[in-house]
Amino acid sequence: MNNKFKPQIADKIFKIVLYIIVFLVVLLLCGLLGYIMLGGIPYISWHFLTSSSDYIYAGGGIGIQLFNSIYLTVITLLISLPLSFGAGIWLAEYAPNNWMTDLIRNSLEVLSSLPSIVIGLFGFLLFVIKFRLGFSILAGGLTLAFFNLPLLTRSTENAIQNISDNQMFAGLALGVSRWEVVKNIIVPEAFPEIITGIILSTGRILGETAALIYTAGQSASIVDFSNWNPLSITSPLCPLRPAETVAVHIWKINTEGTVPDSGKISAGSAAVLLSMVLFFDLIARYSINKKNKRN
Amino acid sequence: MLDPIQIDLKKSSTASRREKKGQYLTFFCIGISVLIIVALIFFITYKGLLLFLKDKVSPLSFLSGVRWDPNNDKFGALSMMIGSITVTILAVLLAFPFSFGTAIFISEIKSSKSKKYLRLAIEMLIGIPAVVYGFVGISVIVPLLRSTMGGTGFGLLSGAIILAIMILPTISTLCVDALKGVPEAYRYTSRALGATQWQTLHKVVLPIARPQVAVAILFGMSQAFGEAVAIQMVIGNATLIPTHLMSPAATLTSVITIGMGDSVRGSVENDALWSLALLLLLISLLFNLIAHFAMRKRT
């Protein structure tokens, strides 16, 4: 094909094309980040971040949504952390090398590759309808925990496997059980890496929309920030109230379009959301880099 | 009859009892994870089959019917299937040259210092939430297409562009891994024989990396196929068979996203939406299966 050209010329063309492509990708990246951040920052104010939203008139804020996003993230982590922790330890330390382990690994792989809307529908079916939780923080948190499980399990497993086997051998030689070595020596040593995995998944939870539309719901009920009794329905901590997050709010005002200033609100919310996600991403990256430098 | 010493010896030690406890505890956690995936497949399959078993809609008319008109009992999923497939293929075609070019730059051009930052930036793109992409689509891509190509701007092309940007980092990071998987010695040998960088890439590196690059494309396709929120915001949501690039369309995911909230639970329309969800689940599983075998083939 290229016999017509001299190889050097073909190589030149290849490099020029490559540089053009990379230039365009960099342009796209900067354009995208610049557009979201610069386009949104002018609308962010203390009022915008704290006041409640309005579906009919202009001037609404995202205060409740912001609180919901953070609260939902905490609930999701509370549910998924212990499970994925145990699952990761089992896969790293106890999993026998047979077809059953393969099957388990594959099903986790499947769970992580399913579209989030499918997981959202499952959560809707199971928690909202079957368990009668209604559109609620709890239903949303449980659904997001499913979504989060495979990722956290894998990062825990990797973190534990990165610890030198000698630790385990030393423990076993002293007559300590495998479980106690894992619990008291290996997990504490793998902890920084596990934390990095948690931070990475936090960014993913904050930005998730499709799995939440039919589980945590699309309405931000009025909450009374002076009432901290989790059993009261107006309390911000009540796990059974519907809770629209920032991400779902952006989706909702853009698809329903009843708010006159939806453009401004979504620009501001997108910038807030992106800065939170990138913040967690950068922390995780920083801790990975620090660890690599130390080794 | 055992004497006390024998009994003591036969009893399990504290360590082994603790060991058992840990084993059961962690196995319980992994068991729950597996239970979740089994329950998910079971529940969605059950709900998805109701349309055919309870409402007596024939599966053939569901799969091959063009009209989706729940008010007149027409439940054809074909237009959405075509919408989903077209937009996925378009997105991959748009994204692949850029992702692959970026991957080659990151993995093959050794002299460049900037590649570290490029990789960082690409990986950060993965973290941008889908809904933010959808918002960028509505506020930038749609108006741009409206003013240059006419029409409303909402349609196949806007959807494909947004999906392309979303899957670009996925394909490119996986391609980087594919190219890095080729042993460095092959490149040195090829260059030592006098081959240019292009010849080395084209004749030596690519043939080895090809199966992994195919897996990268597959993952990109699966991501594009399953994306719901961003695509629903820009595709125009008209359940018609798209005739040209600018025509509004619908995908499986977009119809489910809108419809699930509007339809009455237990109605035929609602059952039909669950059948769409089942279709989506099956296709995602198929993507997963193909990727699995493609990867296994290499190893």
# chains A, B, ... in the order shown; residues from 1 in each chain; ligands from 1

$ closest_atom_pairs --of "chain A" --to "chain B" --cutoff "6 Å" --atoms "only C-alpha atoms" --output "tab-separated table"
residue	atom	partner	partner_atom	distance
A:Asp11	CA	B:Trp198	CA	5.1
A:Leu18	CA	B:Gly101	CA	5.8
A:Ile21	CA	B:Phe98	CA	5.9
A:Val22	CA	B:Thr102	CA	5.6
A:Leu83	CA	B:Cys29	CA	5.0
A:Gly86	CA	B:Thr26	CA	4.4
A:Ala87	CA	B:Ile30	CA	4.4
A:Trp90	CA	B:Thr26	CA	5.2
A:Pro115	CA	B:Gly226	CA	4.7
A:Phe122	CA	B:Leu40	CA	6.0
A:Ser177	CA	B:Ala15	CA	4.9
A:Trp179	CA	B:Glu19	CA	5.1
A:Gly207	CA	B:Pro129	CA	4.6
A:Ala210	CA	B:Val229	CA	5.8
A:Ala270	CA	B:Val132	CA	5.8

$ residues_around --residues "segment 91-95 of chain A" --least-positions-apart "6" --cutoff "7 Å" --atoms "only C-alpha atoms" --output "MDAnalysis selection string"
chainID A and resid 101 157 160:161

$ select_by_dssp --residues "segment 4-178 of chain A" --states "alpha helix (DSSP H)" --output "VMD selection string"
chain A and resid 7 to 40 46 to 50 63 to 89 99 to 113 116 to 123 137 to 161 165 to 173 178

$ closest_residue --among "B:Leu193, B:Met295, B:Ile217, B:Val205" --to "Gly181 of chain B" --atoms "only C-alpha atoms"
B:Val205

$ residues_around --residues "Ala95 of chain B" --least-positions-apart "3" --cutoff "10 Å" --atoms "only C-alpha atoms" --output "NGL selection string"
:B and (89-92 or 98-100 or 160-172 or 217 or 220)
